[in-house]
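What follows is one structure encoded as structure tokens, with my remarks underneath.
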Amino acid sequence: MDLSRSPDNPYLLLTPGPLSTSKSVKAAMLRDWCTWDADYNAIVTDLRARLAALASREPGYTATLMQGSGTFCVEACVGTLVPEDGGLLVLANGAYGARIATIARVLRIPVVEEDFGEVSPVDPDRVAALLAAHPALTHVAVVHCETTTGMLNPIEAIGAVVKAAGKTYLVDAMSSFGGIPLDMAAIGADALVSSANKCIQGVPGFGFVLTRRGVLEGCAGRARSVSLDLYDQWRAMEQGGGKWRFTSPTHVVRAFAQAMDELAAEGGVAARFARYAENQRRLVAGMAALGFDTLLPRALQSPIITAFLSPSHPDYAFKPFYERLKAKGFVIYPGKVTAADTFRIGNIGEVYPADIERLLSAVAESMYWMG
């Protein structure tokens, strides 16, 4: 097959990442780069500075790029920042919060996992009580947008409680950074983790950890892994002018630089948030008109992904519904909630309100159980 003549993607990815990307982001991967060349290292250095500026208007923040998926970055963050004599409080209300607790246990880090339930946000007052009851805990971790349900946790209110207790605050902003306005200084975050293939609309292959410089500088020799040593990766990039310790995903990095340019051209995070929010507003309203209910109340929904309750009709099944939508040009996500039968539809990526209107027409035509 002559890939230079390949058609457009046959469907939109309506998922929380990987997601549909622009043609220009894809085109950026057509050139090969040398990992040790000054031109490529300059791209990395520029990206690190731009990410730090995106994370906060305040100085003192730094970005470290890490090979692998977003989970690799979460593990690098937890495994490097939490000391041998430390402990981690994980505030969970879905699969991704629970995954952080699993990472901590595998790394033999003392962990307290507090489960708030899949349909409830994290309660800051409960966090304060937990920290008072477990004074030996040194770090607190929470997921900003829990894509199990689309829940948006109150990270600023949680951060105020964490900082009042004198603890280090880790935020998994995997599916929200770049798509929902936030400032690390304002929320009190000492570290924030995200990935190339989420709201900045790059492609999979690396993630990044944004940290207060002072927090990371004290972590030499603390990591529990060679490949996932966040401090050593940061030091290599600082001292080497953008060099990575090991082979970097050069094509993906260049695509991400293009995606960052396109984020700026759209009007920055505020403009992207407005587009995602409008996508989600139209989606929920249109699905409601077709008889679909959301799992969460409106006040708790993020603009990133929405969980819908599956129809109660005895002839409904997700797979044939999914296949019909895919044939019409849309790929959605199965449910991940344990207590309810759901499916999920994402609003992020190269997706616009007109695409949501086309999706709603496709959903109406794919409701085979309605006869």
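Following the order of the structure tokens, first chain is A, next is B, and so on, with residues numbered from 1 inside each chain and ligands from 1 in the order they appear.
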
Report task. Please identify all polymer residues within 10 Å of Ser248 in chain A, counting only C-alpha atoms, omitting same-chain residues fewer than 4 positions from it, and present them as an MDAnalysis selection string. Result -> chainID A and resid 34:36 65:68 205:206 243:244 252:253

Query - Residues near range 177-185 of chain A, cut-off 7 Å, only C-alpha atoms, skip fewer than 3 positions along chain, as a list in words - result: Ala55, Ser56, Glu58, Ala173, Met174, Gly188, Ala189, Ser194, Cys199, Ile200, Val269, Ala270, Arg272 and Phe273 of chain A

Requested in this report: Do a neighbour search on Lys198 in chain A at 8 Å with only C-alpha atoms, toss out local chain neighbours closer than 6 positions, and write the hits as a PyMOL selection string.
Outcome: chain A and resi 16-19+174-177+348-349

Could you dump the residues just selected with N, CA, C and O atoms as a CSV table (one decimal), in the first residue's frame?
```
chain,number,residue,atom,x,y,z
A,16,PRO,N,-10.9,9.3,25.4
A,16,PRO,CA,-10.1,10.3,26.1
A,16,PRO,C,-8.7,10.2,25.8
A,16,PRO,O,-7.8,10.6,26.6
A,17,GLY,N,-8.3,9.7,24.6
A,17,GLY,CA,-6.9,9.6,24.2
A,17,GLY,C,-6.5,8.1,24.2
A,17,GLY,O,-6.7,7.4,25.2
A,18,PRO,N,-5.8,7.7,23.1
A,18,PRO,CA,-5.5,8.5,21.9
A,18,PRO,C,-6.7,9.0,21.2
A,18,PRO,O,-7.8,8.5,21.4
A,19,LEU,N,-6.5,10.1,20.5
A,19,LEU,CA,-7.7,10.8,20.0
A,19,LEU,C,-7.4,11.2,18.5
A,19,LEU,O,-6.3,11.1,18.0
A,174,MET,N,-3.9,13.9,33.6
A,174,MET,CA,-3.7,13.2,32.3
A,174,MET,C,-4.6,13.7,31.2
A,174,MET,O,-4.2,14.1,30.2
A,175,SER,N,-5.9,13.7,31.5
A,175,SER,CA,-6.9,14.0,30.5
A,175,SER,C,-7.5,15.4,30.6
A,175,SER,O,-8.4,15.7,29.9
A,176,SER,N,-6.9,16.2,31.4
A,176,SER,CA,-7.4,17.6,31.6
A,176,SER,C,-6.4,18.7,31.2
A,176,SER,O,-6.8,19.8,30.8
A,177,PHE,N,-5.1,18.4,31.4
A,177,PHE,CA,-4.1,19.5,31.2
A,177,PHE,C,-4.1,19.9,29.7
A,177,PHE,O,-4.0,19.1,28.8
A,348,ILE,N,-12.8,15.4,23.2
A,348,ILE,CA,-11.5,16.0,23.0
A,348,ILE,C,-10.9,15.6,21.7
A,348,ILE,O,-11.3,14.6,21.1
A,349,GLY,N,-9.8,16.3,21.3
A,349,GLY,CA,-9.2,16.0,20.0
A,349,GLY,C,-9.6,16.9,19.0
A,349,GLY,O,-10.3,18.0,19.2
```

Give one line per residue of range 121-151 of chain A that approaches range 305-318 of chain A to at most 10 Å, naming the two atoms of the closest pair and their distance in Å to one decimal, counting only C-alpha atoms; sort by chain then ascending residue number and deliver it as CSV.
```
residue,atom,partner,partner_atom,distance
A:Cys145,CA,A:Ile305,CA,8.9
A:Glu146,CA,A:Ile305,CA,9.2
A:Thr147,CA,A:Ile305,CA,6.5
A:Thr148,CA,A:Ala307,CA,7.9
A:Thr149,CA,A:Ala307,CA,5.3
A:Gly150,CA,A:Ile305,CA,5.0
A:Met151,CA,A:Thr306,CA,8.4
```

Query raised in the report: Can you tell me, as a count of residues only, what residues are no more than 12 Å from Thr168 in chain A when counting only C-alpha atoms, ignoring any on the same chain fewer than 2 positions away?
Result: 37

Query - range 255-296 of chain A: residues DSSP assigns to alpha helix (DSSP H), reported as an NGL selection string - result: :A and (255-266 or 268-289)

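Nearest to Arg275 in chain A of all the residues A:Ser22, A:Asn347, A:Asn153, A:Thr45 is A:Asn347, counting only C-alpha atoms.
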
Report task. Counting only C-alpha atoms, figure out which residue out of A:Leu30, A:Leu51, A:Ala257, A:Leu14 gets nearest to Ala63 in chain A. Result ->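 Among the listed residues, A:Leu51 lies closest to Ala63 in chain A.
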